[in-house]
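Quick look at coords05.csv (CSV, C-alpha atoms):
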```
chain,number,residue,atom,x,y,z
A,1,MET,CA,-10.3,9.1,-4.7
A,2,ALA,CA,-8.1,9.7,-1.6
A,3,ASP,CA,-4.4,10.0,-2.2
A,4,GLY,CA,-2.4,6.9,-1.4
A,5,LEU,CA,0.3,6.6,1.3
A,6,PHE,CA,3.2,7.5,-1.0
A,7,VAL,CA,1.5,10.6,-2.5
A,8,GLN,CA,0.6,11.7,1.1
A,9,LEU,CA,4.1,11.2,2.4
A,10,SER,CA,5.6,13.0,-0.6
A,11,SER,CA,3.1,15.9,-0.3
A,12,GLN,CA,3.8,16.3,3.4
A,13,ALA,CA,7.6,16.4,2.8
A,14,TRP,CA,7.2,19.1,0.1
A,15,SER,CA,4.8,21.2,2.2
A,16,GLN,CA,7.1,21.0,5.2
A,17,TYR,CA,10.1,21.9,3.1
A,18,LYS,CA,8.4,24.9,1.6
A,19,SER,CA,7.2,26.1,5.0
A,20,VAL,CA,10.6,26.0,6.6
A,21,THR,CA,13.1,26.8,3.8
A,22,SER,CA,14.4,30.3,3.4
A,23,ARG,CA,15.5,29.5,-0.1
A,24,ASP,CA,14.6,32.0,-2.8
A,25,GLU,CA,11.7,31.3,-5.0
A,26,SER,CA,14.1,30.8,-8.0
A,27,TYR,CA,15.6,27.7,-6.2
A,28,LEU,CA,12.1,26.3,-5.5
A,29,LYS,CA,11.2,26.8,-9.2
A,30,LEU,CA,14.2,24.6,-10.1
A,31,LEU,CA,13.3,21.9,-7.6
A,32,ASP,CA,9.6,21.9,-8.3
A,33,PRO,CA,9.7,19.9,-11.6
A,34,LYS,CA,11.8,17.2,-9.9
A,35,TYR,CA,9.4,17.0,-7.1
A,36,GLN,CA,6.4,16.9,-9.4
A,37,THR,CA,8.0,13.9,-11.2
A,38,PHE,CA,8.6,12.3,-7.9
A,39,LEU,CA,5.0,12.9,-6.8
A,40,SER,CA,3.7,11.5,-10.1
A,41,VAL,CA,5.7,8.3,-9.7
A,42,ALA,CA,4.6,8.1,-6.0
A,43,GLY,CA,1.1,7.9,-7.4
A,44,LYS,CA,2.1,5.0,-9.7
A,45,VAL,CA,3.6,3.2,-6.7
A,46,ASP,CA,0.3,3.7,-4.8
A,47,ALA,CA,-1.7,2.5,-7.8
A,48,THR,CA,0.3,-0.6,-8.3
A,49,MET,CA,0.4,-1.5,-4.6
A,50,ALA,CA,-3.3,-1.0,-4.3
A,51,LYS,CA,-3.8,-3.8,-6.9
A,52,LEU,CA,-1.8,-6.3,-4.8
A,53,THR,CA,-4.0,-9.1,-3.4
A,54,THR,CA,-3.3,-10.8,-0.1
A,55,PRO,CA,-1.2,-12.8,-0.6
A,56,PRO,CA,0.1,-11.2,-3.8
A,57,LYS,CA,0.2,-13.1,-7.1
A,58,SER,CA,3.6,-13.3,-8.7
A,59,ASP,CA,2.5,-11.3,-11.8
A,60,GLN,CA,1.5,-8.4,-9.5
A,61,ILE,CA,5.0,-7.9,-8.2
A,62,SER,CA,6.7,-6.8,-11.4
A,63,PRO,CA,4.6,-3.6,-11.9
A,64,VAL,CA,5.3,-2.6,-8.3
A,65,ALA,CA,9.0,-3.3,-8.8
A,66,ASP,CA,9.0,-1.1,-11.9
A,67,ALA,CA,7.2,1.7,-10.1
A,68,VAL,CA,9.6,1.6,-7.2
A,69,THR,CA,12.5,1.7,-9.7
A,70,LEU,CA,11.0,4.8,-11.3
A,71,LEU,CA,10.6,6.3,-7.8
A,72,GLU,CA,14.3,5.7,-7.1
A,73,SER,CA,15.1,7.4,-10.4
A,74,ALA,CA,12.9,10.4,-9.4
A,75,GLN,CA,14.6,10.5,-6.0
A,76,SER,CA,17.9,10.8,-7.8
A,77,GLY,CA,16.6,13.9,-9.7
A,78,ILE,CA,15.8,15.6,-6.4
A,79,THR,CA,19.2,14.7,-5.0
A,80,GLN,CA,21.0,16.0,-8.0
A,81,MET,CA,19.1,19.3,-7.8
A,82,ILE,CA,19.9,19.7,-4.1
A,83,GLU,CA,23.6,19.1,-4.9
A,84,LYS,CA,23.3,21.8,-7.5
A,85,PHE,CA,22.0,24.2,-4.8
A,86,VAL,CA,25.1,23.6,-2.8
A,87,GLN,CA,27.2,24.5,-5.8
A,88,MET,CA,25.1,27.6,-6.4
A,89,ASP,CA,25.5,28.5,-2.7
A,90,ALA,CA,29.3,28.2,-3.0
A,91,ASP,CA,29.3,30.4,-6.1
A,92,ALA,CA,27.2,33.0,-4.2
A,93,VAL,CA,29.8,33.1,-1.4
A,94,LYS,CA,32.7,33.4,-3.9
A,95,SER,CA,31.0,36.3,-5.7
A,96,ALA,CA,30.0,38.2,-2.5
A,97,GLY,CA,32.2,40.9,-1.1
A,98,THR,CA,34.4,39.9,1.8
A,99,ILE,CA,32.1,41.7,4.3
A,100,ASN,CA,29.0,39.7,3.2
A,101,GLN,CA,30.7,36.3,2.9
A,102,LYS,CA,30.1,35.2,6.5
A,103,SER,CA,26.4,36.1,6.5
A,104,ILE,CA,25.8,34.4,3.2
A,105,SER,CA,27.7,31.4,4.3
A,106,ASP,CA,25.7,31.1,7.5
A,107,LYS,CA,22.4,31.5,5.5
A,108,ASN,CA,23.6,28.8,3.1
A,109,ALA,CA,24.3,26.4,6.0
A,110,GLN,CA,20.8,27.0,7.3
A,111,GLU,CA,19.2,26.5,3.9
A,112,GLN,CA,21.3,23.3,3.3
A,113,SER,CA,20.0,21.9,6.6
A,114,THR,CA,16.4,22.3,5.4
A,115,ASP,CA,17.4,20.8,2.0
A,116,GLN,CA,18.9,17.9,3.8
A,117,ASP,CA,15.7,17.4,5.9
A,118,PHE,CA,13.7,17.4,2.7
A,119,GLN,CA,16.0,14.9,1.1
A,120,ILE,CA,15.8,12.6,4.2
A,121,ALA,CA,12.0,12.7,4.0
A,122,ILE,CA,12.1,11.8,0.3
A,123,ASP,CA,14.6,9.0,1.0
A,124,GLY,CA,12.1,7.8,3.6
A,125,VAL,CA,9.3,7.6,1.1
A,126,VAL,CA,11.5,5.5,-1.2
A,127,TYR,CA,12.6,3.3,1.7
A,128,GLN,CA,9.0,2.6,2.6
A,129,ALA,CA,8.3,1.7,-1.0
A,130,GLN,CA,11.3,-0.7,-1.1
A,131,VAL,CA,10.2,-2.3,2.3
A,132,ARG,CA,6.7,-2.9,1.1
A,133,LEU,CA,7.9,-4.3,-2.2
A,134,SER,CA,10.2,-6.7,-0.3
A,135,ALA,CA,7.4,-7.7,1.9
A,136,ALA,CA,5.1,-8.3,-1.0
A,137,SER,CA,7.8,-10.3,-2.9
A,138,ALA,CA,8.4,-12.5,0.2
A,139,GLU,CA,4.7,-13.4,0.4
A,140,VAL,CA,4.6,-14.7,-3.2
```
As structure tokens, what does this structure read like?
Amino acid sequence: MADGLFVQLSSQAWSQYKSVTSRDESYLKLLDPKYQTFLSVAGKVDATMAKLTTPPKSDQISPVADAVTLLESAQSGITQMIEKFVQMDADAVKSAGTINQKSISDKNAQEQSTDQDFQIAIDGVVYQAQVRLSAASAEV
């Protein structure tokens, strides 16, 4: 079976992020479980939305709403991990010698920019799910 829209969007965001980030593999290993949870829930959103009829029946909306709520929760896990990266970056600058602080700080700024792009892409996936849920709810 082909992946649904939300799995595709999530996969694209992750692939793009991994291709552009200069983050160390240890950071990606921390983020990967959060992403895998998000991807799994995106699959649930796809599955529940695929069951919607046109127009949707009222009993079809609740499973979609539950899946979208889970997606928002998984999104929060990604956001918290990226916030942790910022703290880890700040700690790396503090522990660096004075000579290296500027280069580490510049590298951190670049990495945080790619983190932010990834987070925006994930936020976009959640937003799409919320919009589709609202549209389906309005049709009932």
Next item on the list: Enumerate, as number ranges by chain, the protein, DNA and RNA residues whose atoms approach (21.7, 15.5, 1.3) to within 12 Å, taking into account all atoms listed in the file and the coordinate frame of the file.
Entry: A: 75-76, 78-86, 111-123
Just the selected residues (C-alpha atoms), exported as an mmCIF file, keeping the file's coordinate frame, please.
```
data_model
loop_
_atom_site.group_PDB
_atom_site.id
_atom_site.type_symbol
_atom_site.label_atom_id
_atom_site.label_comp_id
_atom_site.auth_asym_id
_atom_site.auth_seq_id
_atom_site.Cartn_x
_atom_site.Cartn_y
_atom_site.Cartn_z
ATOM 1 C CA GLN A 75 14.600 10.500 -6.000
ATOM 2 C CA SER A 76 17.900 10.800 -7.800
ATOM 3 C CA ILE A 78 15.800 15.600 -6.400
ATOM 4 C CA THR A 79 19.200 14.700 -5.000
ATOM 5 C CA GLN A 80 21.000 16.000 -8.000
ATOM 6 C CA MET A 81 19.100 19.300 -7.800
ATOM 7 C CA ILE A 82 19.900 19.700 -4.100
ATOM 8 C CA GLU A 83 23.600 19.100 -4.900
ATOM 9 C CA LYS A 84 23.300 21.800 -7.500
ATOM 10 C CA PHE A 85 22.000 24.200 -4.800
ATOM 11 C CA VAL A 86 25.100 23.600 -2.800
ATOM 12 C CA GLU A 111 19.200 26.500 3.900
ATOM 13 C CA GLN A 112 21.300 23.300 3.300
ATOM 14 C CA SER A 113 20.000 21.900 6.600
ATOM 15 C CA THR A 114 16.400 22.300 5.400
ATOM 16 C CA ASP A 115 17.400 20.800 2.000
ATOM 17 C CA GLN A 116 18.900 17.900 3.800
ATOM 18 C CA ASP A 117 15.700 17.400 5.900
ATOM 19 C CA PHE A 118 13.700 17.400 2.700
ATOM 20 C CA GLN A 119 16.000 14.900 1.100
ATOM 21 C CA ILE A 120 15.800 12.600 4.200
ATOM 22 C CA ALA A 121 12.000 12.700 4.000
ATOM 23 C CA ILE A 122 12.100 11.800 0.300
ATOM 24 C CA ASP A 123 14.600 9.000 1.000
#
```
Notebook entry, point to check: Between CA of Val125 (chain A) and CA of Asp89 (chain A), what is the spacing in Å?
Noted result: 26.7 Å
Notebook entry, point to check: How far is it from CA of Val131 (chain A) to CA of Ala2 (chain A), in Å with one decimal?
Noted result: 22.2 Å
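Checking A:Leu30, A:Val93, A:Val41, A:Val7 one by one against Val68 (chain A), counting only C-alpha atoms, you find the shortest gap at A:Val41.
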Note to self: Env of Lys57 (chain A): 10 Å cut, atoms = only C-alpha atoms, seq-sep filter 6 positions within chain, self excluded. Answer as a PyMOL selection string.
What the structure shows: chain A and resi 136-137+139-140
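Of note, CA of Leu133 (chain A) and CA of Leu9 (chain A) are spaced 16.6 Å apart.
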Check: Using all atoms listed in the file, which residue out of A:Ala135, A:Leu28, A:Ile104, A:Ala129 lies closest to Lys44 (chain A)?
Finding: A:Ala129
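Of the listed residues (A:Thr69, A:Gln110, A:Ser26, A:Thr54), A:Thr54 comes nearest to Ala138 (chain A); the distances count all atoms listed in the file.
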